[in-house]
Amino acid sequence: MTAIMTAPLRSGEPTVVQVALGARTYDIVIGRGLLASLGARVKALRAGARVAIVTDEAVARHHLAAAEAALKGAGIDTARIVVPVGEGSKSYATFETVCEAIIAARIERSDLIVALGGGVIGDLAGFAAASVRRGLDFVQVPTTLLAQVDSSVGGKTGINSRQGKNLIGAFHQPAMVIADTALLDTLPQREFRAGYAEVAKYGLLGDAAFFSWLEANWRDVFSGGTAREHAIAVCCRAKAAIVARDERETGERALLNLGHTFGHALEAGCGFSGRLLHGEAVALGMALAFEFSARKGLISAAEAERARAHLAAVGLPTHLKDVSGGAPGIDELMDLIAQDKKVKRGKLTFILVRSIGQAFVANDVDAS
Ligand SMILES: NC(=O)c1ccc[n+]([C@@H]2O[C@H](COP(=O)([O-])OP(=O)(O)OC[C@H]3O[C@@H](n4cnc5c(N)ncnc54)[C@H](O)[C@@H]3O)[C@@H](O)[C@H]2O)c1
Ligand SMILES: [Zn+2]
């Protein structure tokens, strides 16, 4: 993968990143204060469309009124569908509620769904959009850092099965992504930090220069302003490029799972509870993937330590002992890894590294 560093933007203009997928090509628009332009942007995308906004209770409290005002200001008729906060909403029950509400709001094929929220809302609303009337177009307005750099881009949508996460779903690309970096100002610090693990992931998997930039500038990413916008734009460019080359994850897109084999097992071992957020599990998983790569002699111990040290510096967990209430034991972890959908014919798939910025897919890792 080539490096995708650019100098941080200084102008007040939003950054536009295109996801090039032929007839399904769409723009990710990134900038501070963009929510106010939602109405004008939706109108330009689809004149005359009505909109159903799907959001969760916490996001609704902070940002729903502004989103509705922006749409109403452009003469767009809106309906609101508000679901409970949390992963529990990626369920059959809530999916049914959302689909029924979309139909009740008389949203038709020429109309739009707006997913206003984090990854839970993007996945749930996106899957409802993919399903109702055999496919409605939808716009992602991600409100968490994780959603702005990862889940809102690339078209993976879905809900959880009782047997595992994200097992029911569809590839359904959004028609537009509006990432207003100011929406992250209301995000709890712990959620922001967890999302930052995915930001660091892009540097660690494919862009050493970006990783160095993060080591020097992460505080400004946390505090907002142009550094935050720049970091989000770099991540979106990286994800857009990977998705454009491998939309359905037959190859390269798997690199985005760096830290996720260990991470998912740790999340599952903690019962997907508040003990370990997804991004925290990914941070720990990436630290373990680097340590594993060092033990296999792929990279030096010093470079693995550099990767770990940055994650630890921002306050993310990087040792099993950092998990509150204790991490699952090795046997439980191995069982959980074996159940993960990334297992093919008994061999484990891990994303390993040759250096910071050079990850690769290892399909034949032996369980021992
Ligand atoms: N589709 C994909 O490609 C993809 C990729 C990565 C993760 N995901 C999914 O994303 C989900 C995790 O996403 P998440 O971390 O955004 O979780 P989330 O959507 O649950 O949001 C985290 C918390 O922050 C709150 N919140 C959101 N925006 C806020 C804001 N601006 N101000 C205040 N509070 C706010 C939410 O109410 C919630 O409590 C998981 O279900 C995961 O499977 C999907
Ligand atoms: Zn992730």
# chains A, B, ... in the order shown; residues from 1 in each chain; ligands from 1
call {"tool": "residues_near_ligand", "arguments": {"ligand": "ligand 1", "cutoff": "8 Å", "atoms": "only C-alpha atoms and all ligand atoms", "output": "number ranges by chain"}}
result
A: 56-59, 62-63, 85-87, 90, 117-123, 142-147, 150-159, 165-166, 183-188, 191, 194-195, 277-279
call {"tool": "residues_around", "arguments": {"residues": "Glu247 of chain A", "least_positions_apart": "3", "cutoff": "12 Å", "atoms": "only C-alpha atoms", "output": "JSON list (two decimals) with N, CA and C atoms, in the first residue's frame"}}
result
[["chain", "number", "residue", "atom", "x", "y", "z"],
["A", 19, "VAL", "N", -15.28, 7.60, -2.72],
["A", 19, "VAL", "CA", -15.19, 6.14, -2.72],
["A", 19, "VAL", "C", -15.59, 5.69, -4.13],
["A", 20, "ALA", "N", -14.62, 5.23, -4.88],
["A", 20, "ALA", "CA", -14.83, 4.96, -6.31],
["A", 20, "ALA", "C", -15.34, 3.54, -6.53],
["A", 21, "LEU", "N", -16.64, 3.42, -6.72],
["A", 21, "LEU", "CA", -17.25, 2.10, -6.92],
["A", 21, "LEU", "C", -18.20, 2.14, -8.11],
["A", 22, "GLY", "N", -17.72, 2.65, -9.24],
["A", 22, "GLY", "CA", -18.52, 2.69, -10.46],
["A", 22, "GLY", "C", -19.80, 3.46, -10.25],
["A", 24, "ARG", "N", -21.92, 3.14, -8.08],
["A", 24, "ARG", "CA", -22.22, 3.37, -6.65],
["A", 24, "ARG", "C", -21.18, 4.27, -5.99],
["A", 25, "THR", "N", -20.47, 5.05, -6.79],
["A", 25, "THR", "CA", -19.48, 5.98, -6.25],
["A", 25, "THR", "C", -20.15, 7.03, -5.36],
["A", 153, "VAL", "N", -18.06, 4.08, 6.32],
["A", 153, "VAL", "CA", -17.49, 3.98, 4.98],
["A", 153, "VAL", "C", -17.34, 2.52, 4.59],
["A", 154, "GLY", "N", -17.79, 2.15, 3.42],
["A", 154, "GLY", "CA", -17.49, 0.81, 2.92],
["A", 154, "GLY", "C", -18.67, -0.11, 2.75],
["A", 155, "GLY", "N", -19.84, 0.28, 3.30],
["A", 155, "GLY", "CA", -21.06, -0.43, 2.95],
["A", 155, "GLY", "C", -21.37, -1.71, 3.70],
["A", 156, "LYS", "N", -20.59, -2.04, 4.75],
["A", 156, "LYS", "CA", -20.98, -3.20, 5.55],
["A", 156, "LYS", "C", -22.07, -2.77, 6.51],
["A", 171, "PHE", "N", -24.11, -6.01, 2.18],
["A", 171, "PHE", "CA", -23.27, -4.94, 1.67],
["A", 171, "PHE", "C", -24.23, -3.93, 1.05],
["A", 172, "HIS", "N", -24.25, -2.74, 1.55],
["A", 172, "HIS", "CA", -25.14, -1.70, 1.02],
["A", 172, "HIS", "C", -24.42, -0.36, 1.18],
["A", 173, "GLN", "N", -23.90, 0.16, 0.09],
["A", 173, "GLN", "CA", -23.11, 1.40, 0.18],
["A", 173, "GLN", "C", -24.02, 2.60, 0.41],
["A", 239, "LYS", "N", -9.32, 3.96, 3.80],
["A", 239, "LYS", "CA", -10.39, 2.97, 3.73],
["A", 239, "LYS", "C", -11.04, 3.00, 2.35],
["A", 240, "ALA", "N", -11.26, 4.21, 1.80],
["A", 240, "ALA", "CA", -11.89, 4.33, 0.49],
["A", 240, "ALA", "C", -11.07, 3.60, -0.57],
["A", 241, "ALA", "N", -9.74, 3.74, -0.50],
["A", 241, "ALA", "CA", -8.88, 3.10, -1.50],
["A", 241, "ALA", "C", -8.97, 1.58, -1.38],
["A", 242, "ILE", "N", -8.95, 1.10, -0.15],
["A", 242, "ILE", "CA", -9.02, -0.36, 0.06],
["A", 242, "ILE", "C", -10.37, -0.90, -0.39],
["A", 243, "VAL", "N", -11.45, -0.20, -0.01],
["A", 243, "VAL", "CA", -12.80, -0.66, -0.37],
["A", 243, "VAL", "C", -12.99, -0.63, -1.89],
["A", 244, "ALA", "N", -12.44, 0.40, -2.54],
["A", 244, "ALA", "CA", -12.59, 0.49, -4.01],
["A", 244, "ALA", "C", -11.90, -0.69, -4.69],
["A", 250, "THR", "N", -12.47, -10.00, -0.34],
["A", 250, "THR", "CA", -11.90, -11.26, -0.81],
["A", 250, "THR", "C", -10.39, -11.25, -0.62],
["A", 251, "GLY", "N", -9.83, -10.11, -0.28],
["A", 251, "GLY", "CA", -8.37, -10.04, -0.12],
["A", 251, "GLY", "C", -7.96, -8.91, 0.78],
["A", 252, "GLU", "N", -7.47, -7.84, 0.15],
["A", 252, "GLU", "CA", -6.82, -6.74, 0.85],
["A", 252, "GLU", "C", -7.67, -6.12, 1.98],
["A", 253, "ARG", "N", -9.00, -6.08, 1.80],
["A", 253, "ARG", "CA", -9.83, -5.42, 2.81],
["A", 253, "ARG", "C", -9.64, -6.05, 4.19],
["A", 254, "ALA", "N", -9.22, -7.32, 4.20],
["A", 254, "ALA", "CA", -8.99, -8.00, 5.48],
["A", 254, "ALA", "C", -7.91, -7.31, 6.32]]
call {"tool": "closest_residue", "arguments": {"among": "A:Ala233, A:Ala70, A:Val149, A:Val51", "to": "Gly31 of chain A", "atoms": "only C-alpha atoms"}}
result
A:Ala233
call {"tool": "closest_residue", "arguments": {"among": "A:Glu100, A:Arg308, A:Arg80, A:Val314", "to": "Arg133 of chain A", "atoms": "only C-alpha atoms"}}
result
A:Glu100
call {"tool": "residues_around", "arguments": {"residues": "Tyr26 of chain A", "least_positions_apart": "6", "cutoff": "6 Å", "atoms": "only C-alpha atoms", "output": "number ranges by chain"}}
result
A: 18-19, 175-176
call {"tool": "write_last_selection", "arguments": {"atoms": "N, CA, C and O atoms", "output": "short mmCIF file (atom, residue, chain, number, x, y, z; two decimals), in the first residue's frame"}}
result
data_model
loop_
_atom_site.label_atom_id
_atom_site.label_comp_id
_atom_site.auth_asym_id
_atom_site.auth_seq_id
_atom_site.Cartn_x
_atom_site.Cartn_y
_atom_site.Cartn_z
N GLN A 18 -13.51 10.62 -2.22
CA GLN A 18 -14.45 9.85 -3.03
C GLN A 18 -14.20 8.34 -2.85
O GLN A 18 -13.06 7.90 -2.81
N VAL A 19 -15.28 7.60 -2.72
CA VAL A 19 -15.19 6.14 -2.72
C VAL A 19 -15.59 5.69 -4.13
O VAL A 19 -16.75 5.82 -4.51
N ALA A 175 -25.19 6.58 -0.02
CA ALA A 175 -25.16 7.48 -1.17
C ALA A 175 -24.28 8.69 -0.88
O ALA A 175 -23.87 9.42 -1.79
N MET A 176 -23.98 8.92 0.39
CA MET A 176 -23.14 10.05 0.81
C MET A 176 -22.80 9.85 2.29
O MET A 176 -23.57 9.25 3.02
#
call {"tool": "select_by_dssp", "arguments": {"residues": "segment 8-129 of chain A", "states": "strand (DSSP E or B)", "output": "list of chain:residue names"}}
result
A:Thr15, A:Val16, A:Val17, A:Gln18, A:Val19, A:Tyr26, A:Asp27, A:Ile28, A:Val29, A:Ile30, A:Gly31, A:Val51, A:Ala52, A:Ile53, A:Val54, A:Thr55, A:Asp56, A:Thr78, A:Ala79, A:Arg80, A:Ile81, A:Val82, A:Val83, A:Leu112, A:Ile113, A:Val114, A:Ala115, A:Leu116, A:Gly117
call {"tool": "closest_residue", "arguments": {"among": "A:Asp137, A:Asp335, A:Asp27, A:Glu68", "to": "Arg46 of chain A", "atoms": "only C-alpha atoms"}}
result
A:Asp137
call {"tool": "residues_around", "arguments": {"residues": "Ser355 of chain A", "least_positions_apart": "2", "cutoff": "12 Å", "atoms": "only C-alpha atoms", "output": "ChimeraX atom specification"}}
result
/A:203-208,211,289-291,293-294,297-307,352-353,357-360
call {"tool": "closest_residue", "arguments": {"among": "A:Ala327, A:Val282, A:Val361, A:Ala268", "to": "ligand 2", "atoms": "only C-alpha atoms and all ligand atoms"}}
result
A:Val282
call {"tool": "closest_residue", "arguments": {"among": "A:Ala309, A:Ile76, A:Leu112, A:Leu266", "to": "Ile337 of chain A", "atoms": "only C-alpha atoms"}}
result
A:Leu266
call {"tool": "select_by_dssp", "arguments": {"residues": "segment 67-275 of chain A", "states": "alpha helix (DSSP H)", "output": "PyMOL selection string"}}
result
chain A and resi 67-73+92-104+119-131+145-146+189-206+208-223+226-245+260-269
call {"tool": "atom_distance", "arguments": {"atom1": "atom CA of Leu316 of chain A", "atom2": "atom CA of Ala179 of chain A"}}
result
23.8 Å
call {"tool": "residues_around", "arguments": {"residues": "Leu320 of chain A", "least_positions_apart": "4", "cutoff": "10 Å", "atoms": "only C-alpha atoms", "output": "list in words"}}
result
Leu266, Ala281, Leu284, Gly285, Ala287, Leu288, Ser324, Gly326, Ala327, Pro328 and Gly329 of chain A
call {"tool": "atom_distance", "arguments": {"atom1": "atom CA of Leu258 of chain A", "atom2": "atom CA of Ala197 of chain A"}}
result
10.7 Å
call {"tool": "residues_around", "arguments": {"residues": "segment 32-42 of chain A", "least_positions_apart": "4", "cutoff": "6 Å", "atoms": "only C-alpha atoms", "output": "list in words"}}
result
Ala70, Leu71, Ala74, Asp180, Thr181 and Ala182 of chain A
call {"tool": "write_last_selection", "arguments": {"atoms": "N, CA and C atoms", "output": "mmCIF file, in the first residue's frame"}}
result
data_model
loop_
_atom_site.group_PDB
_atom_site.id
_atom_site.type_symbol
_atom_site.label_atom_id
_atom_site.label_comp_id
_atom_site.auth_asym_id
_atom_site.auth_seq_id
_atom_site.Cartn_x
_atom_site.Cartn_y
_atom_site.Cartn_z
ATOM 1 N N ALA A 70 -31.691 21.516 9.933
ATOM 2 C CA ALA A 70 -30.946 21.657 8.679
ATOM 3 C C ALA A 70 -31.772 21.128 7.501
ATOM 4 N N LEU A 71 -32.453 20.011 7.719
ATOM 5 C CA LEU A 71 -33.262 19.422 6.636
ATOM 6 C C LEU A 71 -34.502 20.281 6.381
ATOM 7 N N ALA A 74 -34.075 23.311 4.328
ATOM 8 C CA ALA A 74 -33.972 23.102 2.876
ATOM 9 C C ALA A 74 -35.304 22.608 2.310
ATOM 10 N N ASP A 180 -19.199 15.415 10.264
ATOM 11 C CA ASP A 180 -19.024 16.712 10.933
ATOM 12 C C ASP A 180 -18.165 16.475 12.176
ATOM 13 N N THR A 181 -16.937 16.951 12.138
ATOM 14 C CA THR A 181 -15.994 16.650 13.234
ATOM 15 C C THR A 181 -16.403 17.340 14.542
ATOM 16 N N ALA A 182 -17.249 18.356 14.467
ATOM 17 C CA ALA A 182 -17.703 19.034 15.691
ATOM 18 C C ALA A 182 -18.658 18.151 16.492
#
call {"tool": "atom_distance", "arguments": {"atom1": "atom CA of Ala362 of chain A", "atom2": "atom CA of Ala170 of chain A"}}
result
25.8 Å
call {"tool": "residues_around", "arguments": {"residues": "Arg106 of chain A", "least_positions_apart": "5", "cutoff": "10 Å", "atoms": "only C-alpha atoms", "output": "ChimeraX atom specification"}}
result
/A:50-52,79,100-101,111
call {"tool": "write_last_selection", "arguments": {"atoms": "all heavy atoms", "output": "short mmCIF file (atom, residue, chain, number, x, y, z; two decimals), in the first residue's frame"}}
result
data_model
loop_
_atom_site.label_atom_id
_atom_site.label_comp_id
_atom_site.auth_asym_id
_atom_site.auth_seq_id
_atom_site.Cartn_x
_atom_site.Cartn_y
_atom_site.Cartn_z
N ARG A 50 -38.02 12.71 0.65
CA ARG A 50 -38.34 12.83 2.06
C ARG A 50 -37.29 12.01 2.82
O ARG A 50 -36.63 11.16 2.25
CB ARG A 50 -39.74 12.30 2.32
CG ARG A 50 -40.79 13.13 1.56
CD ARG A 50 -42.17 12.52 1.63
NE ARG A 50 -42.66 12.49 3.00
CZ ARG A 50 -42.89 11.36 3.68
NH1 ARG A 50 -42.68 10.18 3.12
NH2 ARG A 50 -43.32 11.41 4.92
N VAL A 51 -37.16 12.29 4.12
CA VAL A 51 -36.08 11.66 4.89
C VAL A 51 -36.60 11.07 6.20
O VAL A 51 -37.36 11.72 6.91
CB VAL A 51 -34.98 12.72 5.20
CG1 VAL A 51 -34.04 12.21 6.28
CG2 VAL A 51 -34.20 13.07 3.94
N ALA A 52 -36.20 9.84 6.50
CA ALA A 52 -36.40 9.29 7.84
C ALA A 52 -35.03 9.25 8.51
O ALA A 52 -34.09 8.65 7.99
CB ALA A 52 -36.99 7.89 7.78
N ALA A 79 -39.03 12.38 9.14
CA ALA A 79 -39.59 11.56 10.20
C ALA A 79 -38.42 11.14 11.08
O ALA A 79 -37.29 11.08 10.61
CB ALA A 79 -40.27 10.33 9.61
N GLU A 100 -40.42 -1.28 10.29
CA GLU A 100 -41.85 -0.94 10.35
C GLU A 100 -42.04 0.58 10.41
O GLU A 100 -42.95 1.12 9.80
CB GLU A 100 -42.51 -1.62 11.55
CG GLU A 100 -42.60 -3.14 11.46
CD GLU A 100 -43.50 -3.63 10.31
OE1 GLU A 100 -44.41 -2.91 9.88
OE2 GLU A 100 -43.24 -4.76 9.83
N ALA A 101 -41.16 1.25 11.15
CA ALA A 101 -41.28 2.72 11.26
C ALA A 101 -40.98 3.40 9.93
O ALA A 101 -41.60 4.40 9.58
CB ALA A 101 -40.35 3.23 12.36
N ASP A 111 -36.95 8.18 -1.80
CA ASP A 111 -36.64 8.91 -0.56
C ASP A 111 -35.31 8.43 0.03
O ASP A 111 -34.62 7.61 -0.57
CB ASP A 111 -37.78 8.72 0.44
CG ASP A 111 -39.10 9.30 -0.08
OD1 ASP A 111 -39.06 10.33 -0.78
OD2 ASP A 111 -40.16 8.70 0.20
#
call {"tool": "closest_residue", "arguments": {"among": "A:Leu348, A:Ala265, A:Val82, A:Leu311", "to": "Ile330 of chain A", "atoms": "only C-alpha atoms"}}
result
A:Ala265
